[in-house]
Structures are given as structure tokens and as C-alpha cells.
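Written out below as C-alpha cells is the structure these notes cover.
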Number of protein chains: 2
Amino acid sequence: MSASTSLPIIGFIGTGVMGRSMAGHLLQAGYPLHVYNRTKAKAEALLANGAVWEDSPGEVARAAEIIITIIGFPQDVEAVYFGEDGVIAQAREGAVLVDMTTSSPRLAQRIAEAAKARGLSALDAPVSGGDLGAREARLSIMVGGEEATFEQVKPVVDVMGKTIVYQGPAGSGQHTKMVNQVAIAAGMLGVCEAMAYAETSGLDPKQVLACIESGAAGSWSLSNLAPRIIDRDFDPGFYVKHFIKDMTIALEEAEAMGLDFPGLQAAKTGYERLAAQGGADLGTHGLFKLYRDTD
Amino acid sequence: MSASTSLPIIGFIGTGVMGRSMAGHLLQAGYPLHVYNRTKAKAEALLANGAVWEDSPGEVARAAEIIITIIGFPQDVEAVYFGEDGVIAQAREGAVLVDMTTSSPRLAQRIAEAAKARGLSALDAPVSGGDLGAREARLSIMVGGEEATFEQVKPVVDVMGKTIVYQGPAGSGQHTKMVNQVAIAAGMLGVCEAMAYAETSGLDPKQVLACIESGAAGSWSLSNLAPRIIDRDFDPGFYVKHFIKDMTIALEEAEAMGLDFPGLQAAKTGYERLAAQGGADLGTHGLFKLYRDTD
């Protein structure tokens with residue numbers, strides 16, 4: 001840990017399921033870490049391991065050279081970055097801001113512009129890989145912003161993920177994450193409809209999977225979530241409520257680009273129905289319940 | 001080849017792209033082979049290698065102990081099986097009929113019943129894996145019918161495929177294939193919408209794929225077809241016109257089971273629009289053209 005004196009001080013805002021694992025890897029790598037979270041209890045494990053508590057986003061920003069955020073919704077990102085005691089107003093000159101929340105590409109661009117106007121740099125760097133990927137530091141991290149800034153903080157990002165790809169100017173990380181979510185959205189319709197067909201037609205769904213999952217119908221979702229559907233295990237890897245947020249952003253962005261996405265639209269409609277029926281805290285494969293809710 | 005005298009005589013109807021490769025493997029394995037195809041030219045390579053030409057489905061049926069069919073559309077299956085000079089009317093007592101066309105589960109059940117009434121056995125055994133899978137004998141084959149019949153012809157089916165799974169009573173093979181197609185249908189919407197989003201937002205789609213294809217958005221379609229979309233190579237692995245047939249059957253079956261499949265419906269609508277615009281002979285990833293048709 002003696003090397004830690006030469007490592008930059010990191011501020012970490014958002015120590016939820018994802019953030020606490022990611023911040024834990026930074027601590028373990030020797031980075032001095034200042035943390036803030038709306039619910040302090042969720043930061044206790046980090047504090048016990050040497051992280052320093054701060055009482056607001058602004059306090060974190062004043063203490064750190066690199067400020068990482070991974071929080072819930074775009075409105076939270078907006079408040080944390082643009083509030084009076086927020087990151088942009090309070091960060092030291094030359095600080096680098098890294099928002100790892102899955103959020104709006106246009107908000108990422110606004111943050112980058114506001115940061116630049118204050119002599120700061122900003123990256124958007126959302127992740128995929130879920131809580132397991134965060135725990136095992138196997139996240140995919142898709143980065144937008146100035147490439148020089150990316151190179152500057154890459155050693156820090158490397159500690160938290162496995163596949164880290166620079167995607168282009170500010171907003172490109174968020175756009176890439178939206179591409180990811182768009183592919184998953186209609187894909188989940190396909191998986192859930194396929195499994196509903198299999199069970200309703202009287203097939204043995206496990207035999208069906210054995211026959212189709214290695215072929216052209218194969219997908220991560222089919223291999224990883226269809227078995228859980230068969231077992232009626234709808235615990236969240238990824239929450240319905242968070243997926244709805246992402247699909248909402250993606251659909252707004254698509255519309256702004258003049259793109260009509262019937263698959264994404266159908267998925268979003270389905271997930272909103274599921275949430276309205278009380279399924280907001282299920283895993284995304286809970287969509288299956290829309291097709292077979294009798295058992 | 002001296003063992004061939006002890007092998008059953010096989011009749012093979014339908015020597016198109018799939019059938020000619022599959023029949024070729026049977027010839028190579030030493031099975032005596034009698035063939036019929038609507039267009040004789042497409043059987044020439046098999047005839048040159050020792051297959052015997054027959055002039056009608058009925059003639060094939062009169063000559064063979066096991067009759068395999070893989071033809072275009074359910075109406076073709078209907079004609080080949082139920083015509084006056086068709087397979088059911090003309091087959092020898094005890095013959096086994098194996099329809100490997102992707103066709104309607106209910107038609108498969110009708111064939112099985114009519115066959116049984118004449119002292120024949122029937123299996124539905126559609127395949128997935130495409131022309132490449134057929135050429136390399138790596139097809140997945142999903143089998144419905146009586147299990148004893150399956151065991152009887154399994155050595156023959158083994159010659160043509162790799163993953164061969166018995167799925168249940170008559171129609172179960174077709175149902176399983178429908179599950180496969182249902183998963184692919186909405187999945188292709190997801191892949192095409194994701195790639196359209198990536199390109200339209202100004203991302204480098206190859207960099208995006210590098211970041212997302214190994215994660216939760218990953219699928220056979222994303223890994224195998226998205227690169228061809230990027231290259232604007234829309235040559236068919238699997239034809240749009242055939243996929244529309246399959247989705248039509250799947251949607252009819254779903255409706256008959258009381259299932260509402262918005263993902264499948266959206267995919268079918270999209271593919272029908274693509275076909276109406278002249279895309280019927282594209283590969284299924286040609287669906288991308290609906291989203292970006294300007295380049």
C-alpha cells in the first residue's frame with residue numbers, strides 16, 4: 001500500500017450494488033478514496049476498509065482529483081453534477097469527472113461542456129456486466145470524451161473492468177450503452193416469447209434449449225436467463241425498473257435521430273405493463289410473466 | 001460400400017440447397033438413395049454419385065423404406081404427402097416418413113395420423129443450421145413423433161446432423177423449430193435496431209461490437225450477422241421469404257394457443273415490409289435496410 005501516496009485521490013459518488021464493488025477494487029488497488037452516497041449505510045463496508053466519508057457530492061469533489069459517479073437515474077446525475085454543492089461547481093481545477101451511470105448521451109455532452117468551461121475534463125463511461133461483473137472486475141466499460149482524458153484515467157478504469165473500449169467524443173459511451181440495451185430489449189421479447197411458446201405447446205423447455213441454444217437462436221439471454229425462467233426464478237440480475245429507464249433514453253435518442261424502432265417500442269411497452277402489474281423489482285427475464293402469468 | 005446392401009433404401013424428396021447436402025451425406029454413408037425434386041437439374045450431382053431418379057413423390061415412396069422430405073412451404077408438404085401420387089398413398093406398408101421441412105405443427109400431426117391409418121410411421125424433424133450446417137452435417141434436428149420410430153431411424157438422421165433431440169409426440173419437432181424461429185425473430189429486430197442506432201449516432205460499429213458482443217447483448221446473430229450488416233453484405237444465409245413463412249406459422253400457432261407475441265408480430269410486420277420493397281431474397285439481416293436505407 002506504500003505506493004498509494006503516488007496514486008491520485010479518487011472521489012466516488014454512488015455506492016449501490018454496482019458502485020460498492022467497483023469502489024472496493026479501487027481501495028484494494030491502493031487508491032485513496034473519498035465516498036458519498038445518499039444512504040450512508042451502503043458505504044459502511046468501504047469506510048471500514050479505509051475510505052473517507054464526505055457529506056455531499058461537492059465535498060467529494062473538493063477532496064478528489066478524479067471523481068467517479070455511478071448513481072440511479074439521469075435526474076440524479078443532473079443534481080449531482082449541476083447542483084450548487086455539486087461536482088462541476090466544486091471540483092478542483094484539472095479534475096477529471098467520470099460518470100459511469102447509464103444515462104442520457106445528451107446529458108453526458110452537457111456535462112462535458114460545462115466541465116470544460118470550468119477547466120475540468122469529463123468522460124461518460126457506463127458499464128455492462130451487472131453486479132457479478134462489478135464484483136469480479138469483469139465489466140465492459142464504454143467510454144466517451146476526449147481521448148487524452150481517457151488515456152489519463154485508463155489505469156483507474158482498468159481496475160474496475162475487463163473490456164474497456166474508447167468509443168469517441170462526449171456522449172459516445174452512453175450511445176454505446178444504448179446500443180447494448182437496444183439489442184437486449186427486443187432480444188428479451190424473443191427469449192420470453194420463445195419460452196412461452198415452448199411451455200404452452202407442451203414441449204419440455206429444457207429439451208428445447210438443449211436443441212436450440214447452440215445455434216442461430218443462441219444468445220446470452222437464452223443461455224443465462226431462459227433456465228431461470230424455467231425455474232420461475234425471477235430475482236434480479238438487472239432490474240426491470242432500471243431497464244425501463246434505459247429503454248426510455250434509447251427511444252428518445254432514436255426518435256431524435258429520426259429512427260423508428262418497433263422492437264424497442266414493443267419491449268418498452270411490455271416492460272411498462274409488467275412494472276404496472278408490480279414487476280418493477282423483478283429481473284428483466286420477469287417479462288415472461290406477461291406471457292404466462294397463470295403459474 | 002459393401003455394407004450398403006444391409007442398409008435401408010432411402011427415398012429423398014427435395015434436393016434444394018439443404019436437401020442436396022443432406023442427401024449427399026446419406027449417399028456417402030452407403031445408403032441406397034432414390035430421389036425426386038421438382039427441378040431435376042438440382043438433383044444431377046446426386047444422380048452422378050449413384051442416386052436413382054424417380055419421376056414423382058409416389059414413385060419415390062414405392063421404392064423406399066424410409067422417405068425423407070425437405071421442401072419449400074407447407075402447401076408443398078401437403079401436396080407431396082396427401083396427393084394421389086403422394087407419399088402417404090404410395091408408401092409401402094411399414095415405411096417411415098420423415099418430414100424435415102420447417103412446416104406447420106398441425107400439418108405434422110395430420111400427416112402422422114394419416115400415416116398411422118395406412119400402417120406407416122411418420123416423424124416431423126425440421127432442422128436448423130442453414131446451408132453451411134447441412135454441408136458440414138452439423139445441423140440441429142428436432143424430432144417429433146413416436147419415440148420408437150425415432151430410435152428406428154436415428155442412425156439415418158445422425159448422418160445428417162450433430163445435435164439431434166427427440167422432443168415429443170407428432171408436431172413437437174415443428175413446435176421446437178417454431179420456438180427457435182420465435183427467439184430469432186425479435187432478436188433480429190434487436191440486432192438491426194442496435195446497429196442502426198450505432199451507425200446513426202456516429203459511433204464506429206466495429207468498436208461497439210468489440211465492447212458489447214461478449215456481454216449480455218451477445219447473440220449468434222450479433223456475432224455472425226452484425227459484421228455483415230456493417231459490410232452491407234445482405235446475401236442470404238437464410239432467406240427473408242422463408243423466414244416470413246416460418247413466422248406466419250409461429251404466429252398462427254401462438255394465436256391458436258391464446259398467446260399474444262408483440263415481438264414476433266413486430267418482426268413479421270417488418271419483414272413483410274422488407275419483402276414488399278423487394279427484399280424477399282435477401283438474408284434475414286437485410287431487415288437492417290428498413291432502418292437505414294439511404295446508404
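Lettering and numbering for the C-alpha cells are positional, with chains as A, B, ... in the shown order, residues counted from 1 in each chain, and ligands counted from 1 in the shown order.
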Which residues come within 9 Å of stretch 236-253 of chain A, counting only C-alpha atoms, excluding same-chain residues fewer than 4 positions away, as number ranges by chain?
-> A: 72-74, 102-106, 130-132, 175, 177-179, 181-182, 185, 257-261, 264-265, 267-268, 271-272, 274-275, 279-287; B: 197, 201
I need the residues from that last selection saved to file as an mmCIF file, in the first residue's frame (with C-alpha atoms), if you can.
data_model
loop_
_atom_site.group_PDB
_atom_site.id
_atom_site.type_symbol
_atom_site.label_atom_id
_atom_site.label_comp_id
_atom_site.auth_asym_id
_atom_site.auth_seq_id
_atom_site.Cartn_x
_atom_site.Cartn_y
_atom_site.Cartn_z
ATOM 1 C CA GLY A 72 -29.536 5.832 -10.346
ATOM 2 C CA PHE A 73 -31.287 7.982 -12.890
ATOM 3 C CA PRO A 74 -30.416 10.885 -15.215
ATOM 4 C CA THR A 102 -26.162 4.573 -17.623
ATOM 5 C CA SER A 103 -27.608 7.913 -18.549
ATOM 6 C CA SER A 104 -28.544 10.171 -21.446
ATOM 7 C CA PRO A 105 -25.943 10.850 -24.158
ATOM 8 C CA ARG A 106 -27.103 14.446 -24.342
ATOM 9 C CA GLY A 130 -24.137 -6.483 -13.840
ATOM 10 C CA ASP A 131 -23.372 -6.881 -10.162
ATOM 11 C CA LEU A 132 -21.425 -10.075 -10.812
ATOM 12 C CA HIS A 175 -24.607 5.880 -27.006
ATOM 13 C CA LYS A 177 -24.521 1.504 -23.821
ATOM 14 C CA MET A 178 -27.800 2.365 -25.550
ATOM 15 C CA VAL A 179 -26.801 0.133 -28.475
ATOM 16 C CA GLN A 181 -29.635 -2.083 -24.325
ATOM 17 C CA VAL A 182 -31.437 -1.852 -27.684
ATOM 18 C CA ALA A 185 -34.581 -5.213 -25.362
ATOM 19 C CA MET A 257 -32.217 10.674 -34.791
ATOM 20 C CA GLY A 258 -35.358 10.018 -36.839
ATOM 21 C CA LEU A 259 -35.254 6.266 -36.210
ATOM 22 C CA ASP A 260 -38.387 4.175 -35.680
ATOM 23 C CA PHE A 261 -37.678 1.096 -33.513
ATOM 24 C CA LEU A 264 -37.604 -1.495 -28.774
ATOM 25 C CA GLN A 265 -41.040 0.099 -28.571
ATOM 26 C CA ALA A 267 -40.218 -4.235 -25.419
ATOM 27 C CA LYS A 268 -40.664 -0.954 -23.547
ATOM 28 C CA TYR A 271 -41.888 -3.847 -19.501
ATOM 29 C CA GLU A 272 -44.060 -0.892 -18.546
ATOM 30 C CA LEU A 274 -45.020 -5.581 -16.193
ATOM 31 C CA ALA A 275 -43.976 -2.723 -13.881
ATOM 32 C CA GLY A 279 -42.945 -6.275 -11.524
ATOM 33 C CA ALA A 280 -40.606 -3.256 -11.353
ATOM 34 C CA ASP A 281 -38.236 -5.035 -8.964
ATOM 35 C CA LEU A 282 -38.074 -8.290 -10.897
ATOM 36 C CA GLY A 283 -35.153 -9.200 -13.113
ATOM 37 C CA THR A 284 -35.580 -8.384 -16.778
ATOM 38 C CA HIS A 285 -36.480 -12.000 -17.597
ATOM 39 C CA GLY A 286 -39.616 -11.414 -15.463
ATOM 40 C CA LEU A 287 -41.071 -10.212 -18.766
ATOM 41 C CA TYR B 197 -28.579 3.168 -33.592
ATOM 42 C CA SER B 201 -25.362 8.135 -33.692
#
Taking a cut-off of 6 Å and counting only C-alpha atoms, can you build a table that, for each residue of chain A near chain B, reports the nearest atom pair and how far apart they are in Å (one decimal), sorted by chain then residue number, as a tab-separated table?
residue	atom	partner	partner_atom	distance
A:Val179	CA	B:Ala194	CA	4.7
A:Asn180	CA	B:Ala217	CA	5.6
A:Val182	CA	B:Ala194	CA	5.3
A:Ala183	CA	B:Gly190	CA	4.2
A:Ile184	CA	B:Ala217	CA	5.1
A:Ala186	CA	B:Gly190	CA	4.7
A:Gly187	CA	B:Gly187	CA	4.1
A:Leu189	CA	B:Gly263	CA	5.6
A:Gly190	CA	B:Ala183	CA	4.2
A:Val191	CA	B:Ala183	CA	5.2
A:Ala194	CA	B:Val179	CA	4.7
A:Ala216	CA	B:Trp220	CA	5.5
A:Ala217	CA	B:Ile184	CA	5.1
A:Gly218	CA	B:Trp220	CA	5.5
A:Ser219	CA	B:Ser219	CA	3.8
A:Trp220	CA	B:Gly218	CA	5.4
A:Gly263	CA	B:Leu189	CA	5.6
Grab the residues selected above and save them as a compact mmCIF listing (two decimals), in the first residue's frame with N, CA and C atoms.
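Written output follows (part.txt):
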# COMPACT_ATOMS: atom_id res chain seq x y z
N VAL A 179 -26.84 1.20 -27.47
CA VAL A 179 -26.80 0.13 -28.48
C VAL A 179 -26.94 -1.23 -27.79
N ASN A 180 -26.18 -1.40 -26.72
CA ASN A 180 -26.23 -2.63 -25.93
C ASN A 180 -27.67 -2.91 -25.45
N VAL A 182 -30.50 -1.65 -26.57
CA VAL A 182 -31.44 -1.85 -27.68
C VAL A 182 -31.38 -3.30 -28.17
N ALA A 183 -30.16 -3.84 -28.26
CA ALA A 183 -30.02 -5.24 -28.69
C ALA A 183 -30.67 -6.18 -27.67
N ILE A 184 -30.51 -5.88 -26.39
CA ILE A 184 -31.08 -6.73 -25.35
C ILE A 184 -32.61 -6.65 -25.33
N ALA A 186 -35.31 -6.03 -27.55
CA ALA A 186 -36.11 -6.90 -28.41
C ALA A 186 -35.67 -8.35 -28.24
N GLY A 187 -34.38 -8.55 -27.95
CA GLY A 187 -33.90 -9.90 -27.71
C GLY A 187 -34.62 -10.58 -26.55
N LEU A 189 -37.69 -9.93 -25.63
CA LEU A 189 -39.01 -10.32 -26.15
C LEU A 189 -38.89 -11.68 -26.82
N GLY A 190 -37.87 -11.84 -27.64
CA GLY A 190 -37.68 -13.10 -28.36
C GLY A 190 -37.52 -14.27 -27.41
N VAL A 191 -36.68 -14.10 -26.41
CA VAL A 191 -36.43 -15.19 -25.45
C VAL A 191 -37.72 -15.53 -24.69
N ALA A 194 -40.31 -17.10 -26.99
CA ALA A 194 -39.89 -18.46 -27.34
C ALA A 194 -40.18 -19.42 -26.18
N ALA A 216 -28.48 -20.74 -34.27
CA ALA A 216 -28.74 -19.35 -34.67
C ALA A 216 -29.67 -18.62 -33.72
N ALA A 217 -30.39 -19.36 -32.88
CA ALA A 217 -31.26 -18.71 -31.89
C ALA A 217 -30.50 -18.41 -30.60
N GLY A 218 -29.26 -18.81 -30.54
CA GLY A 218 -28.48 -18.68 -29.31
C GLY A 218 -28.20 -17.24 -28.93
N SER A 219 -28.20 -16.99 -27.63
CA SER A 219 -27.86 -15.66 -27.11
C SER A 219 -27.47 -15.79 -25.65
N TRP A 220 -26.83 -14.77 -25.14
CA TRP A 220 -26.51 -14.72 -23.71
C TRP A 220 -27.80 -14.86 -22.90
N GLY A 263 -39.23 -2.84 -32.42
CA GLY A 263 -38.84 -3.87 -31.46
C GLY A 263 -38.61 -3.27 -30.07
Proximity to A:Gly94 - best of A:Ser56, A:Gln109, A:Ser121, A:Ser21, only C-alpha atoms =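 Using only C-alpha atoms, A:Gly94 sits closest to A:Ser121.
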Mind checking DSSP for stretch 46-275 of chain A and telling me the strand (DSSP E) residues as a PyMOL selection string?
-> chain A and resi 52-53+66-69+96-99+121-124+127-128+139-144+161-168
